[in-house]
Every structure is written in structure tokens, then in C-alpha cells.
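Below you'll find the structure, written out as C-alpha cells, and then a few comments.
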Amino acid sequence: MYLMTFPRTASAASLLLLASVLSGCGDSSRTAVPTPPPPVVTVATPVKRTIVDQDEYVGRFVAVDAVEVRARVSGYLDKVAFEDGQLVKQGDLLFTIDKRPFQNTLDQARANVQTARSNLEYTQADLERGRQLVRDRTITEQVFGQRTQAFRNAQAAVTASEAMVRQAELDLEFTELRAPITGRIGDRRVTPGNLVTGGAGGNTTLLATIVSNDPIRLEFTFDEASLLRYERLGRAGKDPTTAISGVPVRAKLIDEQDFAHIGRMDFVDNVIDRSTGTIRGRAQFANSDRLFTPGMFARVQVPGSAPYEALMVPDAAIGTEQIRKFVYVVGSEDVAKQVYVTLGQVVDGLRVIRDGLSENDRVVVNGLMRVRPGIKVKPEEAGASPPPGSQAQTN
């Protein structure tokens, strides 16, 4: 057996090559990785403002006045004097019923009055003659009594005839149906030529409906706890505007962002509904432009607290961790710290912080996604001041 041997020079070269490779690998592993710079965030101190909490409800507009136009006399409908859906004023002519039968009845009643008055004049003169004749004993007391009775009957006949004339005049007047209120009229329910039934019974013919537009009321319900809070605020006298009656409220429609319509509470029901535990409230709004329509839904805000000083931050600065809310506060060494807070309402884009912050805390208001608890950040003070406002609105 032969052993292979290598020259010593070749073995030394191989070792040098292997050492150089290992040396290069060691240098690469020891190369320093550059540290990223601290993230830039915008910070601001909480805004301090006097606000009033607002309770928000959903309500429906109802007309102040609503009238069903029904015939008061029976007859054939002769004319319709309005366009469906138009605005009418109190006293405007709406419908006309054929007047001719009622005019004939009135003429006959007036003729009966003339007859009754003529008979009254005759019986009165006959009674005066009888007074002298009974004193002269030309006629008996019985005959004089008959003449007295005839005179009184004639007086009653005149009174009855005059009453029939007044009723006939009313019936003739009722052939013209006029608007009892100012508002918007609906569509006609009966066309000309149809027989309509009038009177005081329940089978009268409905001709149209009218609802008032300005002002208009918004009805809504709130719970018993809210009612007690409103009552106690009003009785405490901390703020006269929080009294349950006359309190200013604000409303917005379903296509609006702001509560821009101002009204006032004018009524709270006197009984709490046993089935729901709520009570009905009502506010009145001006509606000169007729934007609100009876039956329309709206959201309404009712002041639910006395004025108080509140700390507020932009709503975008609020983070969520499961069910808890937090903000990032930058300390003196520019280290971000997670602080859990209790939220209130939103006021002009700013969120009320009920608990968890002080007025000198620097809160991260921009760059929230770049921040983690305990990391160092590069804070920049917010330059723009928040928009002014004093009314609260809920999310």
C-alpha cells in the first residue's frame, strides 16, 4: 500500500485560502445596521372649552294644525277652486256646491217671515181694539183672551220664521267651502258632478285635507332618566336655558351634517308610557321656507347638562384597543406613552375627554399609525388651531 503525500507548499496555500474566506465572512457579519430615525408626529395640548352636553333623539315633524275639509250641506259638487297640493290662505274658496236649491229655500223662508209679520201686525191691532171693548164690556173676557193668545202665537211665528231664514242663509253660505286655516292642501277627493253628503253625522263626505306649514312641530320621545335630569337641571337654576319648557333645541335632517335648525321645546306630555318607559316631548320650529314636511324624520339635540369646562382633542387622535379607547402622550424625553381615556361627545370635530388627560399633556394628533408604546418620536407642534364652536353633537 502506498500513501499519497502532498507537497507542504500546496497544503499551506490551501490553509491560507480557507482562512481568508473565513475572515471575509466574519467581517460581513460584524457590519453595523443603521438605526432608523424616530418617526415624526404632530402633537398638541388638549383644547379647553366650555360646552353643554347634548342628548340626541329621533323625531318626526307634525303639523300644528290639520283640518279635514268636509261638506256641511248635501248637494252636487259644482266647482273646485284650487290646484292639488297648492298653498292656500285662510278664507280662500275651495269648493262650491250647487246653490240653487238652497237659494230657493232661503227665498221661501223670507216669504214666510213676511207672512208671519203681517199676521203679527193684524193680531196686535186686534188685541188693542179688544182692550177697549173688554173695558166697555162689548166683548167677553174669553174673547179678549183668545185675541191675546193669537197675538202671542203670531209673535212666536215671526221668531220661528226668522230663525228659518237664518238657517237657510247658513246653508246657502255652506255651499261655498273655504279654507279654515293657512297651509298646504292635499289632492281633491271628489270631482265636480258628484253628490256629496253633509251634515253633522259620521257619513259626511271628505273633500280634501289641509295642514299648516309654518310653524311646525317636531315630536320625539325620551326616557324617564332623561326627564328627571332635565327637571333637576331646571329646578337647580344652574342654567335657565336648561328648563324643560322653552329650552332651545337644534335639529338636522337625514341629508344634513350639522344641527343647523334652531327651535324651542314647547310641550312635554304629562304621563310616561308604561309599555316603553318613555315620555313624549315636542319642539317648535320656524318653517317659512317650507323645508320641513309633516311626517318627515329628523334628529334633535336637547341640552343635557349645565355648562362645564372640558378638555378636547381631535377625534382622529383616538385609538381603539378592543373595547378601550386610548391616546398617545409624548413625555418630556419624547417617548410615546399609551394613555387610556374616557370619551364624551364630539364638538366640531373635537372629542370631549372626560377622564385620563390633563391640560398640559402633549397628545399625538397626527401620525398615530407610526407610533408604538415606549418608542421615541420626533414631535412637532400643531400649528393650526381648532375651529371655534360651542355646541356638542354625538357620533
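Each chain in the C-alpha cells gets a letter, A, B, ..., in the order shown, and its residues are numbered from 1; ligands are numbered from 1 in order too.
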
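Among the residues of segment 239-390 of chain A, backbone DSSP assigns helix (DSSP H, G or I) to Pro240, Thr241, Thr242, Asp315, Ala316, Ala317, Leu368, Met369 and Arg370 of chain A.
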
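Residue neighbourhood of Tyr122 of chain A, excluding near-sequence residues (fewer than 5 positions): Thr115, Ala116, Arg117, Leu127, Glu128, Arg129, Arg147, Thr148, Ala150, Phe151, Arg152, Asn153, Ala154 and Gln155 of chain A, at 12 Å, using only C-alpha atoms.
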
Residues near Val364 of chain A, anyone? I mean within 10 Å using only C-alpha atoms, not counting same-chain ones fewer than 6 positions away, as a count of residues only.
21

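Among the candidates A:Ala260, A:Leu93, A:Val47, A:Ala125, the residue lying nearest to Ile353 of chain A is A:Val47 (atoms considered: only C-alpha atoms).
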
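Of the listed residues (A:Ala168, A:Ala156, A:Ala200, A:Ile210), A:Ile210 comes nearest to Gln90 of chain A; the distances count only C-alpha atoms.
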
Pick from A:Ala251, A:Val113, A:Val347, A:Ala179, whichever lies nearest to Ala157 of chain A using only C-alpha atoms
A:Val113

Need the shell around segment 211-218 of chain A: protein/DNA/RNA residues with any atom at most 8 Å away, counting only C-alpha atoms. Skip same-chain ones fewer than 6 positions apart. Format as a PDB file with N, CA and C atoms, in the first residue's frame?
```pdb
ATOM      1  N   GLY A  59     -86.927  62.158  15.879  1.00  0.00           N
ATOM      2  CA  GLY A  59     -88.314  62.593  15.962  1.00  0.00           C
ATOM      3  C   GLY A  59     -88.946  62.693  14.597  1.00  0.00           C
ATOM      4  N   ARG A  60     -90.215  63.070  14.605  1.00  0.00           N
ATOM      5  CA  ARG A  60     -90.971  63.212  13.361  1.00  0.00           C
ATOM      6  C   ARG A  60     -91.730  64.537  13.403  1.00  0.00           C
ATOM      7  N   PHE A  61     -91.725  65.249  12.284  1.00  0.00           N
ATOM      8  CA  PHE A  61     -92.431  66.521  12.209  1.00  0.00           C
ATOM      9  C   PHE A  61     -93.937  66.283  12.092  1.00  0.00           C
ATOM     10  N   VAL A  62     -94.703  67.129  12.794  1.00  0.00           N
ATOM     11  CA  VAL A  62     -96.162  67.094  12.728  1.00  0.00           C
ATOM     12  C   VAL A  62     -96.658  68.525  12.542  1.00  0.00           C
ATOM     13  N   ALA A  63     -97.787  68.661  11.883  1.00  0.00           N
ATOM     14  CA  ALA A  63     -98.362  69.979  11.645  1.00  0.00           C
ATOM     15  C   ALA A  63     -98.981  70.531  12.920  1.00  0.00           C
ATOM     16  N   VAL A  64     -98.893  71.845  13.083  1.00  0.00           N
ATOM     17  CA  VAL A  64     -99.567  72.487  14.218  1.00  0.00           C
ATOM     18  C   VAL A  64    -101.072  72.358  14.065  1.00  0.00           C
ATOM     19  N   ASP A  65    -101.570  72.601  12.858  1.00  0.00           N
ATOM     20  CA  ASP A  65    -102.999  72.495  12.572  1.00  0.00           C
ATOM     21  C   ASP A  65    -103.199  71.554  11.389  1.00  0.00           C
ATOM     22  N   ALA A  66    -104.176  70.701  11.489  1.00  0.00           N
ATOM     23  CA  ALA A  66    -104.556  69.802  10.395  1.00  0.00           C
ATOM     24  C   ALA A  66    -106.076  69.724  10.355  1.00  0.00           C
ATOM     25  N   VAL A  67    -106.658  69.958   9.182  1.00  0.00           N
ATOM     26  CA  VAL A  67    -108.113  70.041   9.044  1.00  0.00           C
ATOM     27  C   VAL A  67    -108.558  69.149   7.895  1.00  0.00           C
ATOM     28  N   ILE A 181    -107.873  77.232   7.595  1.00  0.00           N
ATOM     29  CA  ILE A 181    -106.528  77.576   8.067  1.00  0.00           C
ATOM     30  C   ILE A 181    -105.650  77.870   6.854  1.00  0.00           C
ATOM     31  N   THR A 182    -104.495  78.454   7.129  1.00  0.00           N
ATOM     32  CA  THR A 182    -103.482  78.652   6.091  1.00  0.00           C
ATOM     33  C   THR A 182    -102.537  77.459   6.086  1.00  0.00           C
ATOM     34  N   GLY A 183    -102.277  76.918   4.895  1.00  0.00           N
ATOM     35  CA  GLY A 183    -101.402  75.761   4.810  1.00  0.00           C
ATOM     36  C   GLY A 183    -101.396  75.183   3.413  1.00  0.00           C
ATOM     37  N   ARG A 184    -100.930  73.946   3.330  1.00  0.00           N
ATOM     38  CA  ARG A 184    -100.893  73.245   2.051  1.00  0.00           C
ATOM     39  C   ARG A 184    -102.045  72.251   1.991  1.00  0.00           C
ATOM     40  N   ILE A 185    -102.798  72.312   0.879  1.00  0.00           N
ATOM     41  CA  ILE A 185    -103.939  71.428   0.710  1.00  0.00           C
ATOM     42  C   ILE A 185    -103.501  70.198  -0.077  1.00  0.00           C
ATOM     43  N   ARG A 282     -92.069  67.758  22.630  1.00  0.00           N
ATOM     44  CA  ARG A 282     -92.362  68.423  21.369  1.00  0.00           C
ATOM     45  C   ARG A 282     -91.638  69.755  21.308  1.00  0.00           C
ATOM     46  N   ALA A 283     -91.038  70.046  20.162  1.00  0.00           N
ATOM     47  CA  ALA A 283     -90.357  71.314  19.928  1.00  0.00           C
ATOM     48  C   ALA A 283     -90.965  71.979  18.703  1.00  0.00           C
ATOM     49  N   GLN A 284     -90.915  73.290  18.679  1.00  0.00           N
ATOM     50  CA  GLN A 284     -91.499  74.047  17.571  1.00  0.00           C
ATOM     51  C   GLN A 284     -90.407  74.753  16.797  1.00  0.00           C
ATOM     52  N   PHE A 285     -90.497  74.695  15.456  1.00  0.00           N
ATOM     53  CA  PHE A 285     -89.502  75.281  14.568  1.00  0.00           C
ATOM     54  C   PHE A 285     -90.187  76.201  13.563  1.00  0.00           C
ATOM     55  N   ALA A 286     -89.481  77.265  13.211  1.00  0.00           N
ATOM     56  CA  ALA A 286     -89.947  78.109  12.107  1.00  0.00           C
ATOM     57  C   ALA A 286     -89.756  77.354  10.800  1.00  0.00           C
ATOM     58  N   ASN A 287     -90.680  77.561   9.862  1.00  0.00           N
ATOM     59  CA  ASN A 287     -90.629  76.826   8.595  1.00  0.00           C
ATOM     60  C   ASN A 287     -91.096  77.717   7.452  1.00  0.00           C
ATOM     61  N   SER A 288     -90.562  78.934   7.427  1.00  0.00           N
ATOM     62  CA  SER A 288     -91.002  79.887   6.402  1.00  0.00           C
ATOM     63  C   SER A 288     -90.636  79.433   4.999  1.00  0.00           C
ATOM     64  N   ARG A 290     -90.596  76.345   4.151  1.00  0.00           N
ATOM     65  CA  ARG A 290     -91.345  75.095   3.979  1.00  0.00           C
ATOM     66  C   ARG A 290     -90.435  73.924   3.641  1.00  0.00           C
ATOM     67  N   PHE A 292     -89.448  71.755   5.985  1.00  0.00           N
ATOM     68  CA  PHE A 292     -89.956  70.638   6.775  1.00  0.00           C
ATOM     69  C   PHE A 292     -91.365  70.273   6.305  1.00  0.00           C
ATOM     70  N   THR A 293     -91.619  68.978   6.251  1.00  0.00           N
ATOM     71  CA  THR A 293     -92.927  68.470   5.838  1.00  0.00           C
ATOM     72  C   THR A 293     -93.462  67.552   6.929  1.00  0.00           C
ATOM     73  N   PRO A 294     -94.735  67.686   7.300  1.00  0.00           N
ATOM     74  CA  PRO A 294     -95.291  66.767   8.306  1.00  0.00           C
ATOM     75  C   PRO A 294     -95.046  65.315   7.918  1.00  0.00           C
TER      76      PRO A 294
END
```

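Note that atom CA of Arg370 of chain A and atom CA of Thr35 of chain A are 15.7 Å apart.
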
Non-local contacts of segment 70-75 of chain A (8 Å; only C-alpha atoms; under 6 positions in same chain excluded) as a count of residues only
17

Give me, as a PDB file with C-alpha atoms, in the first residue's frame, the residues of segment 114-351 of chain A that a backbone DSSP run labels strand (DSSP E or B).
```
ATOM      1  CA  GLU A 176    -119.036  77.607  -0.529  1.00  0.00           C
ATOM      2  CA  LEU A 177    -116.351  75.721   1.350  1.00  0.00           C
ATOM      3  CA  ARG A 178    -113.437  77.974   2.298  1.00  0.00           C
ATOM      4  CA  GLY A 183    -101.402  75.761   4.810  1.00  0.00           C
ATOM      5  CA  ARG A 184    -100.893  73.245   2.051  1.00  0.00           C
ATOM      6  CA  ILE A 185    -103.939  71.428   0.710  1.00  0.00           C
ATOM      7  CA  LEU A 195    -123.193  64.104  -4.893  1.00  0.00           C
ATOM      8  CA  VAL A 196    -121.617  64.964  -1.540  1.00  0.00           C
ATOM      9  CA  LEU A 206    -114.300  64.091   2.876  1.00  0.00           C
ATOM     10  CA  LEU A 207    -113.317  66.556   0.157  1.00  0.00           C
ATOM     11  CA  ALA A 208    -109.657  67.372   0.992  1.00  0.00           C
ATOM     12  CA  THR A 209    -107.200  67.867   3.855  1.00  0.00           C
ATOM     13  CA  ILE A 210    -105.148  70.927   4.801  1.00  0.00           C
ATOM     14  CA  VAL A 211    -102.067  71.013   7.045  1.00  0.00           C
ATOM     15  CA  ILE A 216     -94.143  73.214  12.504  1.00  0.00           C
ATOM     16  CA  ARG A 217     -93.590  70.857  15.438  1.00  0.00           C
ATOM     17  CA  LEU A 218     -91.120  68.022  15.966  1.00  0.00           C
ATOM     18  CA  GLU A 219     -92.297  65.233  18.279  1.00  0.00           C
ATOM     19  CA  PHE A 220     -89.904  62.761  19.899  1.00  0.00           C
ATOM     20  CA  THR A 221     -89.697  60.553  22.987  1.00  0.00           C
ATOM     21  CA  PHE A 222     -87.072  60.289  25.718  1.00  0.00           C
ATOM     22  CA  ASP A 223     -86.629  58.035  28.720  1.00  0.00           C
ATOM     23  CA  PRO A 248     -83.597  75.778  22.835  1.00  0.00           C
ATOM     24  CA  VAL A 249     -83.021  72.679  20.713  1.00  0.00           C
ATOM     25  CA  ARG A 250     -81.348  72.010  17.371  1.00  0.00           C
ATOM     26  CA  ALA A 251     -82.351  69.679  14.563  1.00  0.00           C
ATOM     27  CA  LYS A 252     -80.917  68.246  11.374  1.00  0.00           C
ATOM     28  CA  HIS A 261     -82.117  74.418  12.637  1.00  0.00           C
ATOM     29  CA  ILE A 262     -82.964  76.173  15.903  1.00  0.00           C
ATOM     30  CA  GLY A 263     -86.232  75.608  17.745  1.00  0.00           C
ATOM     31  CA  ARG A 264     -87.664  75.572  21.256  1.00  0.00           C
ATOM     32  CA  MET A 265     -89.346  72.969  23.430  1.00  0.00           C
ATOM     33  CA  ASP A 266     -92.994  73.887  23.858  1.00  0.00           C
ATOM     34  CA  PHE A 267     -94.566  70.782  25.384  1.00  0.00           C
ATOM     35  CA  VAL A 268     -93.821  67.667  27.442  1.00  0.00           C
ATOM     36  CA  THR A 278     -90.692  56.955  27.668  1.00  0.00           C
ATOM     37  CA  ILE A 279     -92.463  60.302  27.565  1.00  0.00           C
ATOM     38  CA  ARG A 280     -93.379  62.425  24.579  1.00  0.00           C
ATOM     39  CA  GLY A 281     -91.774  65.811  24.044  1.00  0.00           C
ATOM     40  CA  ARG A 282     -92.362  68.423  21.369  1.00  0.00           C
ATOM     41  CA  ALA A 283     -90.357  71.314  19.928  1.00  0.00           C
ATOM     42  CA  GLN A 284     -91.499  74.047  17.571  1.00  0.00           C
ATOM     43  CA  PHE A 285     -89.502  75.281  14.568  1.00  0.00           C
ATOM     44  CA  PHE A 297     -87.920  62.349  10.235  1.00  0.00           C
ATOM     45  CA  ALA A 298     -85.197  64.442  11.879  1.00  0.00           C
ATOM     46  CA  ARG A 299     -82.611  64.192  14.646  1.00  0.00           C
ATOM     47  CA  VAL A 300     -82.879  66.641  17.512  1.00  0.00           C
ATOM     48  CA  GLN A 301     -80.417  67.699  20.205  1.00  0.00           C
ATOM     49  CA  VAL A 302     -81.603  68.678  23.676  1.00  0.00           C
ATOM     50  CA  PRO A 303     -79.178  70.235  26.221  1.00  0.00           C
ATOM     51  CA  TYR A 308     -68.792  72.916  32.179  1.00  0.00           C
ATOM     52  CA  GLU A 309     -65.095  73.126  31.248  1.00  0.00           C
ATOM     53  CA  ALA A 310     -63.985  70.193  29.099  1.00  0.00           C
ATOM     54  CA  LEU A 311     -60.683  69.005  27.596  1.00  0.00           C
ATOM     55  CA  MET A 312     -60.966  68.095  23.924  1.00  0.00           C
ATOM     56  CA  VAL A 313     -58.707  66.510  21.303  1.00  0.00           C
ATOM     57  CA  PRO A 314     -59.235  65.793  17.597  1.00  0.00           C
ATOM     58  CA  GLY A 319     -57.182  54.847  19.133  1.00  0.00           C
ATOM     59  CA  THR A 320     -59.084  51.664  19.926  1.00  0.00           C
ATOM     60  CA  GLU A 321     -57.870  48.601  21.777  1.00  0.00           C
ATOM     61  CA  ARG A 324     -60.957  50.551  25.404  1.00  0.00           C
ATOM     62  CA  LYS A 325     -60.036  53.920  23.930  1.00  0.00           C
ATOM     63  CA  PHE A 326     -56.589  55.476  24.201  1.00  0.00           C
ATOM     64  CA  VAL A 327     -54.359  58.309  23.029  1.00  0.00           C
ATOM     65  CA  TYR A 328     -50.588  58.563  22.732  1.00  0.00           C
ATOM     66  CA  VAL A 329     -48.984  61.148  25.013  1.00  0.00           C
ATOM     67  CA  VAL A 330     -45.410  62.284  24.379  1.00  0.00           C
ATOM     68  CA  VAL A 335     -41.151  58.908  24.418  1.00  0.00           C
ATOM     69  CA  ALA A 336     -44.703  57.927  23.439  1.00  0.00           C
ATOM     70  CA  LYS A 337     -46.915  56.551  26.150  1.00  0.00           C
ATOM     71  CA  GLN A 338     -50.307  54.931  25.727  1.00  0.00           C
ATOM     72  CA  VAL A 339     -52.959  56.542  27.941  1.00  0.00           C
ATOM     73  CA  TYR A 340     -56.472  55.133  28.288  1.00  0.00           C
ATOM     74  CA  VAL A 341     -59.219  57.752  28.288  1.00  0.00           C
ATOM     75  CA  THR A 342     -62.964  58.062  28.863  1.00  0.00           C
ATOM     76  CA  LEU A 343     -64.702  59.709  25.933  1.00  0.00           C
ATOM     77  CA  GLY A 344     -67.525  62.187  25.774  1.00  0.00           C
ATOM     78  CA  GLN A 345     -69.282  63.753  22.823  1.00  0.00           C
ATOM     79  CA  VAL A 346     -67.936  65.251  19.597  1.00  0.00           C
ATOM     80  CA  VAL A 347     -67.929  69.033  19.310  1.00  0.00           C
ATOM     81  CA  LEU A 350     -63.123  67.546  18.670  1.00  0.00           C
ATOM     82  CA  ARG A 351     -63.784  64.737  21.115  1.00  0.00           C
TER      83      ARG A 351
END
```

From the list A:Val365, A:Tyr230, A:Arg274, A:Glu256, the nearest residue to Gln54 of chain A using only C-alpha atoms is A:Tyr230

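Interatomic distance, atom CA of Gln114 of chain A to atom CA of Leu172 of chain A: 19.8 Å.
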
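Note that the spacing between atom CA of Gln146 of chain A and atom CA of Gly130 of chain A amounts to 10.0 Å.
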
Counting only C-alpha atoms, closest pick from A:Asp92, A:Asp348, A:Glu359, A:Asp334 relative to Pro373 of chain A is A:Asp334
